[in-house]
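S.K.: Dropping in start_4.cif, with mmCIF, C-alpha atoms.
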data_run
loop_
_atom_site.label_atom_id
_atom_site.label_comp_id
_atom_site.auth_asym_id
_atom_site.auth_seq_id
_atom_site.Cartn_x
_atom_site.Cartn_y
_atom_site.Cartn_z
CA MET A 1 30.59 76.45 -45.35
CA THR A 2 34.20 76.53 -46.58
CA ALA A 3 35.49 75.94 -43.06
CA LEU A 4 33.30 72.84 -42.77
CA LEU A 5 34.62 71.48 -46.06
CA VAL A 6 38.23 72.10 -45.02
CA ALA A 7 37.60 70.41 -41.66
CA LEU A 8 36.12 67.35 -43.39
CA LEU A 9 39.05 67.09 -45.80
CA LEU A 10 41.57 67.36 -42.99
CA ALA A 11 39.72 64.77 -40.93
CA ALA A 12 39.77 62.19 -43.75
CA PRO A 13 42.27 59.43 -43.01
CA PRO A 14 45.29 59.28 -45.32
CA LEU A 15 45.47 56.57 -47.96
CA PRO A 16 47.36 53.43 -46.91
CA PHE A 17 49.25 53.60 -50.23
CA PRO A 18 50.50 56.24 -52.71
CA ALA A 19 47.67 57.93 -54.61
CA PRO A 20 47.23 57.04 -58.30
CA ARG A 21 47.45 59.77 -61.00
CA LEU A 22 43.99 59.37 -62.54
CA ALA A 23 42.14 56.41 -61.04
CA GLN A 24 39.44 57.28 -58.54
CA VAL A 25 40.23 55.78 -55.14
CA THR A 26 37.37 54.01 -53.40
CA ASP A 27 37.18 51.72 -50.38
CA ARG A 28 37.69 48.83 -52.85
CA THR A 29 40.93 50.20 -54.36
CA LYS A 30 44.03 48.15 -53.61
CA PHE A 31 47.71 48.69 -54.38
CA ASP A 32 50.72 46.43 -54.88
CA PRO A 33 54.23 47.11 -56.16
CA GLY A 34 56.07 44.34 -57.96
CA THR A 35 58.11 43.13 -60.92
CA VAL A 36 56.58 42.38 -64.31
CA LEU A 37 56.77 38.70 -65.25
CA GLY A 38 54.92 39.08 -68.53
CA TYR A 39 51.94 40.47 -70.42
CA ASP A 40 49.56 38.35 -72.51
CA ALA A 41 47.89 40.69 -75.02
CA ALA A 42 45.47 37.99 -76.23
CA LYS A 43 44.09 37.56 -72.69
CA ALA A 44 44.81 41.17 -71.60
CA GLU A 45 46.54 39.78 -68.50
CA LEU A 46 49.54 41.15 -66.66
CA ARG A 47 51.54 38.81 -64.40
CA VAL A 48 53.44 40.50 -61.57
CA GLN A 49 55.66 39.13 -58.80
CA CYS A 50 54.45 40.94 -55.66
CA ALA A 51 55.40 40.51 -52.02
CA ALA A 52 52.44 38.15 -51.53
CA GLY A 53 53.34 36.05 -54.58
CA ILE A 54 52.49 36.04 -58.26
CA MET A 55 49.41 38.09 -59.12
CA THR A 56 47.55 38.16 -62.42
CA PHE A 57 45.74 41.39 -63.28
CA LYS A 58 43.20 41.98 -66.02
CA ALA A 59 44.81 44.91 -67.83
CA GLY A 60 43.36 45.81 -71.21
CA PRO A 61 44.50 48.60 -73.53
CA ASP A 62 42.32 51.10 -71.62
CA VAL A 63 44.58 50.84 -68.53
CA GLN A 64 47.03 53.74 -68.56
CA LEU A 65 50.76 53.45 -67.79
CA PHE A 66 52.63 56.37 -66.25
CA ASP A 67 56.33 57.01 -65.72
CA GLY A 68 57.88 58.30 -62.50
CA ALA A 69 57.19 61.91 -63.53
CA GLY A 70 53.53 61.14 -64.17
CA LEU A 71 53.74 61.25 -67.96
CA PRO A 72 51.53 58.79 -69.87
CA LEU A 73 53.36 55.88 -71.51
CA GLY A 74 50.55 54.05 -73.30
CA PRO A 75 48.91 50.66 -72.74
CA PRO A 76 50.16 47.71 -70.63
CA SER A 77 51.34 45.90 -73.78
CA ARG A 78 54.41 48.18 -73.65
CA LEU A 79 55.59 46.60 -70.39
CA ALA A 80 58.52 44.19 -70.41
CA ALA A 81 59.56 41.43 -68.03
CA GLY A 82 61.77 42.67 -65.22
CA GLN A 83 60.32 46.17 -64.95
CA ARG A 84 59.43 47.42 -61.46
CA ILE A 85 55.86 48.72 -61.38
CA ARG A 86 53.12 49.85 -59.03
CA VAL A 87 49.56 48.64 -59.71
CA TRP A 88 46.33 50.13 -58.40
CA TYR A 89 43.46 47.67 -58.82
CA VAL A 90 40.09 46.42 -57.60
CA VAL A 91 39.01 42.84 -56.99
CA ASP A 92 36.02 42.27 -59.23
CA GLY A 93 35.85 38.72 -60.52
CA GLY A 94 39.65 38.73 -60.18
CA ALA A 95 42.15 41.55 -59.88
CA ARG A 96 41.39 44.31 -62.43
CA ALA A 97 44.10 46.95 -62.93
CA LEU A 98 42.98 50.58 -62.79
CA GLU A 99 46.35 52.25 -63.31
CA ILE A 100 50.02 51.24 -63.52
CA ALA A 101 53.12 53.32 -62.75
CA VAL A 102 56.52 52.22 -64.06
CA GLU A 103 59.22 52.65 -61.40
CA GLN A 104 62.18 51.22 -63.25
CA GLY A 105 63.14 49.88 -66.65
CA ALA A 106 62.74 51.06 -70.22
CA ILE A 107 59.40 50.96 -71.99
CA ALA A 108 59.19 48.97 -75.22
CA PRO A 109 58.73 51.14 -78.36
#
Can I see the file as structure tokens?
M.R.:
Amino acid sequence: MTALLVALLLAAPPLPFPAPRLAQVTDRTKFDPGTVLGYDAAKAELRVQCAAGIMTFKAGPDVQLFDGAGLPLGPPSRLAAGQRIRVWYVVDGGARALEIAVEQGAIAP
């Protein structure tokens, strides 16, 4: 039984992007790195300049930020314009952030 489980795990294709810390990856999970343009707390929206253009993510206070070492940093409202981030998200009535990792730049207090 264990050998079958190991064989199935080894046969699974690798993710096409880096794995998130906490978010469960499904066939709907997407990933984009980019630069923060701004965060609107009233709308819970994060604007990010990605390779494909400007993307707007729904990112409420329940979305967790992580630093490069994987330590939690708090909610998206702590992000500042110009920071390099990685966003894992699903498209569900728009892009909804699942998790955000900060690559570069200080976090607001």
S.K.: Which residues of range 7-51 of chain A have any atom within 10 Å of an atom in range 69-74 of chain A when counting all atoms listed in the file, and what is the closest pair of atoms for each, with the distance in Å to one decimal? Order the rows by chain and rising number and write it as a tab-separated table.
M.R.:
residue	atom	partner	partner_atom	distance
A:Pro20	CA	A:Gly70	CA	9.5
A:Arg21	CA	A:Gly70	CA	7.0
A:Leu22	CA	A:Gly70	CA	9.8
S.K.: Measuring between all atoms listed in the file, which one of A:Arg28, A:Gln49, A:Ile54, A:Arg84 shows the shortest distance to Gly68 in chain A?
M.R.: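 Of A:Arg28, A:Gln49, A:Ile54, A:Arg84, the one nearest Gly68 in chain A is A:Arg84, counting all atoms listed in the file.
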S.K.: Between A:Gln24, A:Gln83, A:Ser77, A:Gln64, which is the closest to Glu103 in chain A once you count all atoms listed in the file?
M.R.: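 Looking only at the distances to Glu103 in chain A, the closest residue turns out to be A:Gln83.
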S.K.: Please identify all polymer residues within 7 Å of range 85-90 of chain A, counting only C-alpha atoms, omitting same-chain residues fewer than 2 positions from it, and present them as JSON, numbers by chain.
M.R.: {"A": [20, 28, 29, 30, 31, 32, 33, 34, 35, 83, 92, 95, 96, 97, 98, 99, 100, 101, 102, 103]}
S.K.: As an exercise, work out the distance from CA of Val91 in chain A to CA of Gly38 in chain A in Å and give it to one decimal place.
M.R.: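 Value for the CA of Val91 in chain A-CA of Gly38 in chain A distance: 20.0 Å.
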S.K.: Using the chain letters and numbers from the file, which residues does the PyMOL selection byres ((chain A and resi 60) around 8) grab, as a PyMOL selection string?
M.R.: chain A and resi 41+44-45+58-59+61-63+75-76
S.K.: So how many Å separate CA of Ala81 in chain A and CA of Phe17 in chain A, to one decimal?
M.R.: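 Taking CA of Ala81 in chain A and CA of Phe17 in chain A, their separation equals 23.9 Å.
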S.K.: Would you mind completing range 63-83 of chain A so that it carries N, CA and C atoms, and writing it out as a compact mmCIF listing (two decimals), keeping the file's coordinate frame?
M.R.:
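Below is the file that was written, result-v5.txt:
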# COMPACT_ATOMS: atom_id res chain seq x y z
N VAL A 63 43.84 50.57 -69.77
CA VAL A 63 44.58 50.84 -68.53
C VAL A 63 45.81 51.67 -68.89
N GLN A 64 45.95 52.81 -68.22
CA GLN A 64 47.03 53.74 -68.56
C GLN A 64 48.29 53.45 -67.75
N LEU A 65 49.44 53.51 -68.44
CA LEU A 65 50.76 53.45 -67.79
C LEU A 65 51.27 54.87 -67.60
N PHE A 66 51.99 55.08 -66.49
CA PHE A 66 52.63 56.37 -66.25
C PHE A 66 54.09 56.13 -65.88
N ASP A 67 54.95 57.09 -66.18
CA ASP A 67 56.33 57.01 -65.72
C ASP A 67 56.45 57.68 -64.37
N GLY A 68 57.65 57.73 -63.82
CA GLY A 68 57.88 58.30 -62.50
C GLY A 68 57.51 59.76 -62.39
N ALA A 69 57.55 60.49 -63.52
CA ALA A 69 57.19 61.91 -63.53
C ALA A 69 55.71 62.12 -63.77
N GLY A 70 54.96 61.03 -63.95
CA GLY A 70 53.53 61.14 -64.17
C GLY A 70 53.12 61.31 -65.62
N LEU A 71 54.06 61.13 -66.54
CA LEU A 71 53.74 61.25 -67.96
C LEU A 71 53.16 59.94 -68.49
N PRO A 72 52.12 60.01 -69.33
CA PRO A 72 51.53 58.79 -69.87
C PRO A 72 52.49 58.05 -70.81
N LEU A 73 52.46 56.73 -70.71
CA LEU A 73 53.36 55.88 -71.51
C LEU A 73 52.63 54.97 -72.47
N GLY A 74 51.30 54.93 -72.41
CA GLY A 74 50.55 54.05 -73.30
C GLY A 74 49.93 52.88 -72.57
N PRO A 75 49.59 51.82 -73.31
CA PRO A 75 48.91 50.66 -72.74
C PRO A 75 49.87 49.66 -72.08
N PRO A 76 49.33 48.72 -71.31
CA PRO A 76 50.16 47.71 -70.63
C PRO A 76 50.97 46.82 -71.57
N SER A 77 50.58 46.73 -72.83
CA SER A 77 51.34 45.90 -73.78
C SER A 77 52.76 46.42 -73.97
N ARG A 78 53.06 47.62 -73.53
CA ARG A 78 54.41 48.18 -73.65
C ARG A 78 55.32 47.75 -72.52
N LEU A 79 54.78 47.07 -71.52
CA LEU A 79 55.59 46.60 -70.39
C LEU A 79 56.46 45.42 -70.81
N ALA A 80 57.60 45.29 -70.15
CA ALA A 80 58.52 44.19 -70.41
C ALA A 80 58.86 43.48 -69.11
N ALA A 81 59.17 42.21 -69.21
CA ALA A 81 59.56 41.43 -68.03
C ALA A 81 60.75 42.09 -67.34
N GLY A 82 60.69 42.12 -66.02
CA GLY A 82 61.77 42.67 -65.22
C GLY A 82 61.54 44.10 -64.77
N GLN A 83 60.58 44.79 -65.36
CA GLN A 83 60.32 46.17 -64.95
C GLN A 83 59.65 46.22 -63.58
